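So this one's upload-v4.cif, mmCIF, C-alpha atoms:
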```
data_target
#
loop_
_atom_site.label_atom_id
_atom_site.label_comp_id
_atom_site.auth_asym_id
_atom_site.auth_seq_id
_atom_site.Cartn_x
_atom_site.Cartn_y
_atom_site.Cartn_z
CA MET C 1 0.00 0.00 0.00
CA ARG C 2 1.41 3.38 -1.02
CA PHE C 3 1.06 6.22 1.48
CA LEU C 4 3.17 8.80 -0.35
CA PRO C 5 1.37 11.06 -2.85
CA THR C 6 2.20 10.70 -6.52
CA ALA C 7 3.97 13.47 -8.41
CA GLU C 8 0.64 14.60 -9.88
CA GLN C 9 -1.01 14.68 -6.46
CA SER C 10 1.92 16.64 -5.01
CA ASP C 11 1.70 19.15 -7.86
CA PHE C 12 -2.00 19.63 -7.15
CA ALA C 13 -1.30 20.26 -3.45
CA ARG C 14 1.44 22.77 -4.32
CA THR C 15 -0.93 24.56 -6.70
CA LEU C 16 -3.49 24.95 -3.94
CA GLN C 17 -0.82 26.04 -1.47
CA GLY C 18 0.41 28.74 -3.85
CA LEU C 19 -3.11 29.94 -4.64
CA LEU C 20 -4.07 30.17 -0.98
CA GLY C 21 -0.77 31.80 -0.03
CA ALA C 22 -1.42 34.58 -2.55
CA SER C 23 -5.06 35.13 -1.50
CA ASP C 24 -4.75 36.79 1.94
CA VAL C 25 -6.90 34.13 3.58
CA PRO C 26 -6.54 35.63 7.10
CA ALA C 27 -8.30 38.79 5.92
CA ALA C 28 -11.04 36.64 4.36
CA VAL C 29 -11.43 34.72 7.64
CA ARG C 30 -11.84 37.93 9.65
CA ALA C 31 -14.37 39.27 7.13
CA TRP C 32 -16.29 35.97 7.18
CA GLY C 33 -16.51 36.07 10.96
CA SER C 34 -18.05 39.54 10.80
CA GLY C 35 -20.64 38.47 8.22
CA ASP C 36 -18.90 39.72 5.06
CA HIS C 37 -18.63 36.72 2.75
CA GLY C 38 -17.27 38.57 -0.29
CA PRO C 39 -13.53 37.95 0.21
CA GLY C 40 -14.12 34.32 1.16
CA ARG C 41 -16.33 33.74 -1.88
CA ALA C 42 -13.61 35.19 -4.11
CA VAL C 43 -11.09 32.67 -2.76
CA TRP C 44 -13.74 29.95 -3.10
CA ALA C 45 -14.17 30.72 -6.80
CA ARG C 46 -10.42 30.45 -7.38
CA LEU C 47 -10.34 27.10 -5.55
CA ALA C 48 -13.17 25.81 -7.72
CA GLY C 49 -11.15 26.81 -10.77
CA THR C 50 -8.49 24.27 -9.78
CA GLY C 51 -11.11 21.50 -9.89
CA LEU C 52 -11.10 20.98 -6.12
CA PHE C 53 -14.84 20.52 -5.71
CA ALA C 54 -15.07 18.44 -8.88
CA LEU C 55 -13.16 15.74 -6.97
CA ALA C 56 -16.30 15.09 -4.89
CA ALA C 57 -18.70 14.64 -7.81
CA ASP C 58 -19.11 11.93 -10.42
CA GLU C 59 -18.30 12.48 -14.08
CA ALA C 60 -21.96 12.26 -15.07
CA HIS C 61 -22.57 15.59 -13.35
CA ASP C 62 -19.53 17.65 -14.42
CA GLY C 63 -17.26 16.16 -11.76
CA ALA C 64 -13.86 14.53 -12.03
CA GLY C 65 -14.98 11.36 -10.30
CA LEU C 66 -14.99 10.61 -6.59
CA LEU C 67 -11.30 10.92 -5.65
CA PRO C 68 -10.91 10.90 -1.85
CA VAL C 69 -7.10 10.86 -1.75
CA GLU C 70 -6.74 13.92 -3.96
CA LEU C 71 -9.52 15.69 -2.09
CA ALA C 72 -7.93 14.90 1.29
CA LEU C 73 -4.63 16.36 0.05
CA GLY C 74 -6.48 19.49 -0.95
CA PHE C 75 -8.20 19.80 2.40
CA VAL C 76 -4.90 19.58 4.24
CA GLU C 77 -3.96 22.75 2.35
CA LEU C 78 -7.31 24.36 3.20
CA GLY C 79 -6.64 23.65 6.87
CA ARG C 80 -3.07 24.93 6.61
CA ALA C 81 -4.35 28.20 5.11
CA GLY C 82 -7.31 28.48 7.54
CA MET C 83 -9.89 28.67 4.74
CA PRO C 84 -13.32 29.79 6.00
CA GLY C 85 -16.71 28.58 4.86
CA PRO C 86 -18.56 25.26 4.55
CA VAL C 87 -15.89 23.57 2.43
CA VAL C 88 -16.33 20.15 4.06
CA GLU C 89 -20.10 20.47 3.89
CA THR C 90 -20.09 21.42 0.20
CA ALA C 91 -17.90 18.43 -0.66
CA ALA C 92 -20.03 16.10 1.46
CA ALA C 93 -23.19 17.41 -0.21
CA ALA C 94 -21.64 16.70 -3.61
CA VAL C 95 -20.83 13.13 -2.50
CA LEU C 96 -24.39 12.71 -1.21
CA LEU C 97 -25.95 13.96 -4.43
CA SER C 98 -23.57 11.89 -6.59
CA ALA C 99 -24.61 8.76 -4.69
CA LEU C 100 -28.25 9.54 -5.43
CA GLY C 101 -27.86 10.54 -9.07
CA ALA C 102 -27.40 8.65 -12.31
CA ALA C 103 -26.38 9.79 -15.77
CA GLY C 104 -29.28 11.47 -17.54
CA GLU C 105 -31.54 11.10 -14.53
CA GLU C 106 -33.65 14.06 -13.49
CA GLY C 107 -33.24 14.66 -9.79
CA PRO C 108 -31.30 16.44 -7.07
CA ALA C 109 -27.88 15.57 -8.56
CA LYS C 110 -28.62 17.11 -11.94
CA ARG C 111 -30.25 20.11 -10.29
CA PHE C 112 -27.56 21.02 -7.77
CA LEU C 113 -24.21 19.40 -8.61
CA PRO C 114 -23.10 21.56 -11.57
CA GLY C 115 -23.27 24.72 -9.45
CA LEU C 116 -21.39 23.11 -6.56
CA VAL C 117 -18.66 21.78 -8.83
CA ALA C 118 -18.21 25.13 -10.58
CA GLY C 119 -17.96 27.02 -7.29
CA GLU C 120 -21.04 29.09 -8.13
CA ALA C 121 -22.94 27.67 -5.15
CA LEU C 122 -22.04 26.78 -1.57
CA ALA C 123 -23.82 24.05 0.37
CA THR C 124 -24.20 23.12 3.98
CA LEU C 125 -25.95 20.10 5.43
CA THR C 126 -26.80 17.97 8.40
CA LEU C 127 -26.63 14.18 8.39
CA PRO C 128 -27.64 11.49 10.87
CA GLY C 129 -24.70 11.02 13.24
CA GLY C 130 -23.12 14.32 12.22
CA GLY C 131 -24.48 16.75 14.78
CA PRO C 132 -27.62 18.91 15.00
CA TYR C 133 -26.25 22.22 13.69
CA VAL C 134 -25.62 23.55 10.21
CA LEU C 135 -22.48 25.54 9.44
CA ASP C 136 -22.65 28.90 7.68
CA ALA C 137 -26.27 28.61 6.62
CA ASP C 138 -26.30 32.39 6.20
CA ALA C 139 -23.63 32.10 3.49
CA ALA C 140 -24.70 28.85 1.83
CA THR C 141 -26.71 28.78 -1.36
CA TYR C 142 -28.30 25.47 -0.38
CA CYS C 143 -28.96 23.92 3.01
CA PHE C 144 -29.63 20.18 2.85
CA THR C 145 -30.89 18.03 5.70
CA VAL C 146 -31.19 14.26 5.93
CA SER C 147 -33.42 12.90 8.66
CA ALA C 148 -33.00 9.63 10.54
CA ALA C 149 -35.99 8.39 8.53
CA GLY C 150 -34.07 8.86 5.27
CA GLU C 151 -35.67 12.07 4.00
CA LEU C 152 -33.49 14.49 2.05
CA ARG C 153 -34.86 18.02 2.18
CA LEU C 154 -33.79 21.42 0.95
CA ALA C 155 -34.25 23.52 4.06
CA GLY C 156 -35.97 26.84 3.64
CA GLY C 157 -33.62 28.70 5.96
CA ALA C 158 -31.92 28.55 9.33
CA GLY C 159 -32.54 29.80 12.83
CA ASP C 160 -30.60 32.32 14.87
CA LEU C 161 -26.83 32.09 14.87
CA LEU C 162 -25.33 30.32 17.85
CA GLY C 163 -22.07 31.01 19.63
CA SER C 164 -18.89 29.29 18.49
CA THR C 165 -15.28 29.20 19.61
CA ASP C 166 -14.36 30.21 16.06
CA PRO C 167 -16.24 33.33 14.88
CA ALA C 168 -15.70 32.18 11.29
CA ARG C 169 -17.70 28.99 12.01
CA ARG C 170 -21.26 30.33 12.17
CA LEU C 171 -23.61 27.68 13.54
CA SER C 172 -27.41 27.55 13.52
CA ARG C 173 -30.24 25.05 13.62
CA PRO C 174 -31.72 24.01 10.27
CA ALA C 175 -35.33 24.76 9.44
CA ALA C 176 -37.67 21.97 10.45
CA GLU C 177 -39.44 21.88 7.09
CA GLY C 178 -38.34 22.21 3.50
CA GLU C 179 -38.72 20.85 0.00
CA LEU C 180 -38.59 17.05 -0.06
CA LEU C 181 -35.98 15.99 -2.64
CA ALA C 182 -35.75 12.23 -2.06
CA ALA C 183 -36.54 9.60 0.53
CA GLY C 184 -35.98 5.96 1.33
CA PRO C 185 -33.14 3.50 2.02
CA ARG C 186 -31.13 4.89 -0.88
CA VAL C 187 -30.97 8.28 0.85
CA SER C 188 -29.91 6.69 4.14
CA ALA C 189 -27.11 4.80 2.39
CA ALA C 190 -25.95 7.92 0.56
CA ALA C 191 -26.01 9.89 3.82
CA ALA C 192 -23.79 7.29 5.51
CA THR C 193 -21.31 7.58 2.63
CA ALA C 194 -21.35 11.37 2.80
CA LEU C 195 -20.80 11.27 6.57
CA GLY C 196 -17.63 9.21 6.06
CA TRP C 197 -16.32 11.72 3.53
CA ALA C 198 -17.16 14.67 5.81
CA ARG C 199 -15.29 13.00 8.67
CA LEU C 200 -12.29 12.23 6.44
CA LEU C 201 -12.05 15.76 5.05
CA THR C 202 -12.36 17.26 8.51
CA ALA C 203 -9.48 15.02 9.62
CA ALA C 204 -7.44 16.33 6.69
CA GLN C 205 -8.29 19.90 7.68
CA CYS C 206 -7.20 19.15 11.25
CA LEU C 207 -3.87 17.89 9.95
CA GLY C 208 -3.33 21.12 8.01
CA VAL C 209 -4.33 23.29 10.96
CA GLY C 210 -1.93 21.41 13.23
CA GLU C 211 0.92 21.79 10.75
CA ALA C 212 0.29 25.53 10.43
CA LEU C 213 0.26 25.96 14.22
CA LEU C 214 3.48 23.99 14.60
CA ALA C 215 5.25 25.93 11.84
CA SER C 216 4.23 29.28 13.39
CA THR C 217 5.38 28.16 16.82
CA VAL C 218 8.76 26.91 15.59
CA GLN C 219 9.36 30.22 13.86
CA TYR C 220 8.38 32.14 16.98
CA VAL C 221 10.61 30.22 19.42
CA LYS C 222 13.59 30.87 17.17
CA GLN C 223 13.01 34.61 17.48
CA ARG C 224 11.80 35.05 21.07
CA THR C 225 14.68 35.36 23.53
CA GLN C 226 14.84 34.89 27.26
CA PHE C 227 17.99 35.37 29.35
CA GLY C 228 19.71 36.31 26.11
CA THR C 229 18.92 32.95 24.44
CA PRO C 230 16.22 31.97 21.94
CA ILE C 231 13.61 30.00 23.88
CA GLY C 232 13.75 27.33 21.18
CA ALA C 233 17.12 26.30 22.60
CA PHE C 234 15.58 25.26 25.91
CA GLN C 235 15.19 21.51 26.35
CA ALA C 236 11.62 21.71 27.64
CA VAL C 237 10.55 23.70 24.57
CA LYS C 238 12.25 21.23 22.23
CA HIS C 239 10.49 18.32 23.89
CA ARG C 240 7.09 20.02 23.62
CA LEU C 241 7.59 20.74 19.92
CA ALA C 242 8.87 17.22 19.28
CA ASP C 243 5.78 15.73 20.92
CA THR C 244 3.58 17.92 18.75
CA LEU C 245 5.42 16.90 15.59
CA LEU C 246 5.21 13.21 16.47
CA ALA C 247 1.45 13.45 17.03
CA LEU C 248 0.94 15.06 13.62
CA GLU C 249 3.23 12.60 11.86
CA PHE C 250 1.42 9.69 13.50
CA ALA C 251 -1.92 11.07 12.27
CA ARG C 252 -0.76 11.56 8.67
CA PRO C 253 -0.61 7.89 7.55
CA LEU C 254 -3.95 7.23 9.24
CA VAL C 255 -5.52 10.00 7.14
CA TRP C 256 -4.03 8.59 3.93
CA ALA C 257 -5.07 5.03 4.84
CA ALA C 258 -8.62 6.25 5.50
CA ALA C 259 -8.68 8.08 2.15
CA LEU C 260 -7.53 4.94 0.35
CA GLY C 261 -9.99 2.57 1.98
CA LEU C 262 -12.86 4.74 3.30
CA ALA C 263 -13.70 2.05 5.87
CA PRO C 264 -15.79 3.73 8.59
CA TRP C 265 -13.53 2.63 11.43
CA GLU C 266 -10.40 3.78 9.57
CA VAL C 267 -11.99 7.17 8.92
CA ALA C 268 -12.97 7.40 12.59
CA ALA C 269 -9.42 6.54 13.69
CA ALA C 270 -7.98 9.18 11.35
CA LYS C 271 -10.44 11.82 12.56
CA LEU C 272 -9.75 11.00 16.21
CA THR C 273 -5.96 11.08 15.83
CA ALA C 274 -5.76 14.15 13.58
CA GLY C 275 -8.26 16.07 15.69
CA GLU C 276 -6.40 15.38 18.91
CA ALA C 277 -3.06 16.22 17.26
CA ALA C 278 -4.39 19.56 16.00
CA TYR C 279 -5.78 20.42 19.43
CA ALA C 280 -2.46 19.49 21.07
CA ALA C 281 -0.66 21.70 18.53
CA ALA C 282 -2.97 24.57 19.49
CA MET C 283 -2.20 24.09 23.19
CA THR C 284 1.53 24.00 22.45
CA ALA C 285 1.32 27.12 20.31
CA LEU C 286 -0.61 28.98 22.96
CA GLN C 287 1.75 28.02 25.76
CA LEU C 288 4.95 28.82 23.89
CA HIS C 289 3.69 32.11 22.46
CA GLY C 290 2.67 33.24 25.92
CA ALA C 291 0.36 36.23 26.37
CA VAL C 292 0.78 37.38 22.76
CA GLY C 293 -0.95 34.17 21.66
CA TYR C 294 -4.23 35.42 23.11
CA THR C 295 -4.38 38.58 21.00
CA GLU C 296 -6.84 38.73 18.12
CA GLU C 297 -4.46 40.93 16.12
CA LEU C 298 -2.03 38.02 15.78
CA ASP C 299 -2.97 35.74 12.87
CA LEU C 300 -2.14 32.76 15.08
CA SER C 301 -5.49 33.24 16.81
CA LEU C 302 -7.32 32.31 13.60
CA TRP C 303 -5.85 28.80 13.72
CA LEU C 304 -6.03 28.49 17.50
CA ARG C 305 -9.77 29.01 17.32
CA LYS C 306 -10.23 26.37 14.64
CA ALA C 307 -8.51 23.46 16.36
CA ARG C 308 -11.15 22.68 19.00
CA PRO C 309 -14.26 23.04 16.77
CA LEU C 310 -12.69 20.94 14.00
CA ARG C 311 -11.71 18.28 16.53
CA ASP C 312 -15.38 17.92 17.46
CA ALA C 313 -17.00 18.49 14.05
CA TRP C 314 -18.43 15.49 12.20
CA GLY C 315 -17.54 13.12 15.01
CA SER C 316 -16.28 14.06 18.46
CA PRO C 317 -13.39 12.07 19.97
CA SER C 318 -15.83 9.92 21.96
CA VAL C 319 -17.92 9.18 18.87
CA CYS C 320 -14.84 8.22 16.88
CA ARG C 321 -13.48 6.03 19.68
CA THR C 322 -16.81 4.22 19.82
CA ALA C 323 -16.71 3.57 16.07
CA VAL C 324 -13.19 2.11 16.30
CA LEU C 325 -14.04 -0.06 19.32
CA GLN C 326 -17.19 -1.39 17.67
CA GLU C 327 -15.11 -2.56 14.71
CA ARG C 328 -12.59 -4.22 17.06
CA ASP C 329 -15.36 -5.98 18.96
CA GLY C 330 -16.86 -7.26 15.72
#
```

Can I see the file as structure tokens?
Amino acid sequence: MRFLPTAEQSDFARTLQGLLGASDVPAAVRAWGSGDHGPGRAVWARLAGTGLFALAADEAHDGAGLLPVELALGFVELGRAGMPGPVVETAAAAVLLSALGAAGEEGPAKRFLPGLVAGEALATLTLPGGGPYVLDADAATYCFTVSAAGELRLAGGAGDLLGSTDPARRLSRPAAEGELLAAGPRVSAAAATALGWARLLTAAQCLGVGEALLASTVQYVKQRTQFGTPIGAFQAVKHRLADTLLALEFARPLVWAAALGLAPWEVAAAKLTAGEAAYAAAMTALQLHGAVGYTEELDLSLWLRKARPLRDAWGSPSVCRTAVLQERDG
């Protein structure tokens, strides 16, 4: 089994990294948190131009085929850059619709997928087992809900915004009613598939967030001096950074294995490990930056605020542990 990306996959990741690096994502994140979606939508359109969202849709509906490894690589870069918006939810909605659609068939896939693939529309959704809240319903073009009974609906709106650790993750409850798009066992099966993809892509985002936090912290400890010596030279600081790096490097192959196999327990293990590693990286970054780490003016705060919500999104640590243990127990 190959865990290293191919040359083509690496080129795609570098393309996304360069695009995001030139897009002033921190400014877009701050604007998104204040309710201004314009800068974030502009970055979104450029990402769609690379074919990122096409990787979550089948070829029958303008997609590139369902390619989880390539998409996971892309979402690591989104996490590293701190990209705002319902990126995971849009990709999961595309997977859901692709699983329900067929070539030439009139239905939700033909109606919604082309806009999602082209970046012209944003989607958010709730799925059984994925939590009760919708993300960024005020910015999304479509809000999908799947009930435990297997009903896929296009929600008519969302309730009041709820508080969140990350101001750029705007949560609300979905509308109780909406247009019924499909129903039955096929919807339930498609929702289970989409949940696995959402969990995988969130794990990939966590990995990118953790890497960004570690890189910022390493740079900082090389510059900050105490007693005339860079604090990065202190043994305790080195050990803390080494532990953070090991946690991220341990999570990486689990994410790639989950992307290759998409087995629910493998995805849960990847999400658990990457989420905990990102949260540990945030705690390390906060401790080693000291008081300056708390300031909103420092871009570091944008990643610090993402680590905890992403760790819990689409499967909290306890939910993921339960999924892994259930597989072990047969």

Output of the PyMOL selection byres ((chain C and resi 124) around 8), listed as JSON, numbers by chain: {"C": [86, 89, 90, 93, 122, 123, 125, 126, 134, 135, 136, 137, 140, 142, 143, 144]}

If we count all atoms listed in the file and set the cut-off at 7 Å, which residues sit around range 71-76 of chain C, ignoring sequence neighbours fewer than 5 positions away in its own chain? Please answer as a PyMOL selection string. chain C and resi 13+16+52+55+201+204-205+207-208+259

Quick one, how far is CA of Arg41 in chain C from CA of Gly63 in chain C? 20.2 Å

Rounded to one decimal, what separation in Å do you get between CA of Leu286 in chain C and CA of Gly315 in chain C?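 For CA of Leu286 in chain C relative to CA of Gly315 in chain C, the distance reads 24.5 Å.
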
Matched chain/residue IDs from the PyMOL selection byres ((chain C and resi 211-216) around 10), as a ChimeraX atom specification: /C:76-77,79-82,205-210,217-221,241-242,244-245,248-249,277-286,289,299-304,307

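Of the residues under consideration (C:Gly293, C:Gly65, C:Gly18, C:Pro114), C:Gly65 shows the shortest atom-to-atom contact distance to Ala99 in chain C when counting only C-alpha atoms.
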
Would you compute the distance between CA of Asp58 in chain C and CA of His37 in chain C? Give it in Å to one decimal.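 If I compute the distance from CA of Asp58 in chain C to CA of His37 in chain C, I get 28.1 Å.
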
For a quick check of understanding, using all atoms listed in the file, which of C:Arg153, C:Arg199, C:Lys222, C:His239 has the smallest distance to Asp312 in chain C?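 Among the listed residues, C:Arg199 lies closest to Asp312 in chain C.
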
What's around Gly115 in chain C at 12 Å? Count all atoms listed in the file, leave out sequence neighbours fewer than 2 positions away in its own chain, and write the answer as a ChimeraX atom specification. /C:45,48,53-54,57,61-63,90,93-94,108-113,117-123,141-142

Okay, now the selection with C-alpha atoms, as a CSV table (one decimal), keeping the file's coordinate frame?
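Output below, filename again_2.csv:
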```
chain,number,residue,atom,x,y,z
C,45,ALA,CA,-14.2,30.7,-6.8
C,48,ALA,CA,-13.2,25.8,-7.7
C,53,PHE,CA,-14.8,20.5,-5.7
C,54,ALA,CA,-15.1,18.4,-8.9
C,57,ALA,CA,-18.7,14.6,-7.8
C,61,HIS,CA,-22.6,15.6,-13.4
C,62,ASP,CA,-19.5,17.6,-14.4
C,63,GLY,CA,-17.3,16.2,-11.8
C,90,THR,CA,-20.1,21.4,0.2
C,93,ALA,CA,-23.2,17.4,-0.2
C,94,ALA,CA,-21.6,16.7,-3.6
C,108,PRO,CA,-31.3,16.4,-7.1
C,109,ALA,CA,-27.9,15.6,-8.6
C,110,LYS,CA,-28.6,17.1,-11.9
C,111,ARG,CA,-30.2,20.1,-10.3
C,112,PHE,CA,-27.6,21.0,-7.8
C,113,LEU,CA,-24.2,19.4,-8.6
C,117,VAL,CA,-18.7,21.8,-8.8
C,118,ALA,CA,-18.2,25.1,-10.6
C,119,GLY,CA,-18.0,27.0,-7.3
C,120,GLU,CA,-21.0,29.1,-8.1
C,121,ALA,CA,-22.9,27.7,-5.2
C,122,LEU,CA,-22.0,26.8,-1.6
C,123,ALA,CA,-23.8,24.0,0.4
C,141,THR,CA,-26.7,28.8,-1.4
C,142,TYR,CA,-28.3,25.5,-0.4
```

Can you tell me, as JSON, the centre and edge lengths (Å, one decimal) of the axis-aligned box enclosing all of range 209-216 of chain C's listed atoms after padding each side by 6 Å?
```
{"center_x": 0.5, "center_y": 25.3, "center_z": 12.5, "size_x": 21.6, "size_y": 19.9, "size_z": 16.2}
```

Write out as an mmCIF file with C-alpha atoms, keeping the file's coordinate frame which residues come within 8 Å of range 129-131 of chain C when counting all atoms listed in the file, dropping same-chain ones fewer than 5 positions away.
```
data_model
loop_
_atom_site.group_PDB
_atom_site.id
_atom_site.type_symbol
_atom_site.label_atom_id
_atom_site.label_comp_id
_atom_site.auth_asym_id
_atom_site.auth_seq_id
_atom_site.Cartn_x
_atom_site.Cartn_y
_atom_site.Cartn_z
ATOM 1 C CA LEU C 195 -20.800 11.270 6.570
ATOM 2 C CA ALA C 313 -17.000 18.490 14.050
ATOM 3 C CA TRP C 314 -18.430 15.490 12.200
ATOM 4 C CA GLY C 315 -17.540 13.120 15.010
#
```

Measuring between all atoms listed in the file, which one of C:Arg170, C:Glu177, C:Lys306, C:Arg46 shows the shortest distance to Trp32 in chain C? C:Arg170

Can you tell me which residues surround Ala182 in chain C at a distance of at most 12 Å, considering all atoms listed in the file, apart from same-chain residues fewer than 6 positions away, and format the answer as a PyMOL selection string? chain C and resi 96-97+99-101+106-109+144-147+149-154+188+190-191

Just-selected residues, C-alpha atoms written as a PDB file, in the coordinates of the input:
```pdb
ATOM      1  CA  LEU C  96     -24.390  12.710  -1.210  1.00  0.00           C
ATOM      2  CA  LEU C  97     -25.950  13.960  -4.430  1.00  0.00           C
ATOM      3  CA  ALA C  99     -24.610   8.760  -4.690  1.00  0.00           C
ATOM      4  CA  LEU C 100     -28.250   9.540  -5.430  1.00  0.00           C
ATOM      5  CA  GLY C 101     -27.860  10.540  -9.070  1.00  0.00           C
ATOM      6  CA  GLU C 106     -33.650  14.060 -13.490  1.00  0.00           C
ATOM      7  CA  GLY C 107     -33.240  14.660  -9.790  1.00  0.00           C
ATOM      8  CA  PRO C 108     -31.300  16.440  -7.070  1.00  0.00           C
ATOM      9  CA  ALA C 109     -27.880  15.570  -8.560  1.00  0.00           C
ATOM     10  CA  PHE C 144     -29.630  20.180   2.850  1.00  0.00           C
ATOM     11  CA  THR C 145     -30.890  18.030   5.700  1.00  0.00           C
ATOM     12  CA  VAL C 146     -31.190  14.260   5.930  1.00  0.00           C
ATOM     13  CA  SER C 147     -33.420  12.900   8.660  1.00  0.00           C
ATOM     14  CA  ALA C 149     -35.990   8.390   8.530  1.00  0.00           C
ATOM     15  CA  GLY C 150     -34.070   8.860   5.270  1.00  0.00           C
ATOM     16  CA  GLU C 151     -35.670  12.070   4.000  1.00  0.00           C
ATOM     17  CA  LEU C 152     -33.490  14.490   2.050  1.00  0.00           C
ATOM     18  CA  ARG C 153     -34.860  18.020   2.180  1.00  0.00           C
ATOM     19  CA  LEU C 154     -33.790  21.420   0.950  1.00  0.00           C
ATOM     20  CA  SER C 188     -29.910   6.690   4.140  1.00  0.00           C
ATOM     21  CA  ALA C 190     -25.950   7.920   0.560  1.00  0.00           C
ATOM     22  CA  ALA C 191     -26.010   9.890   3.820  1.00  0.00           C
TER      23      ALA C 191
END
```

Write out as a ChimeraX atom specification which residues come within 12 Å of Gly196 in chain C when counting all atoms listed in the file, dropping same-chain ones fewer than 2 positions away. /C:68,88-89,91-93,95-96,127-130,189-194,198-203,258-259,261-271,314-315,320,323
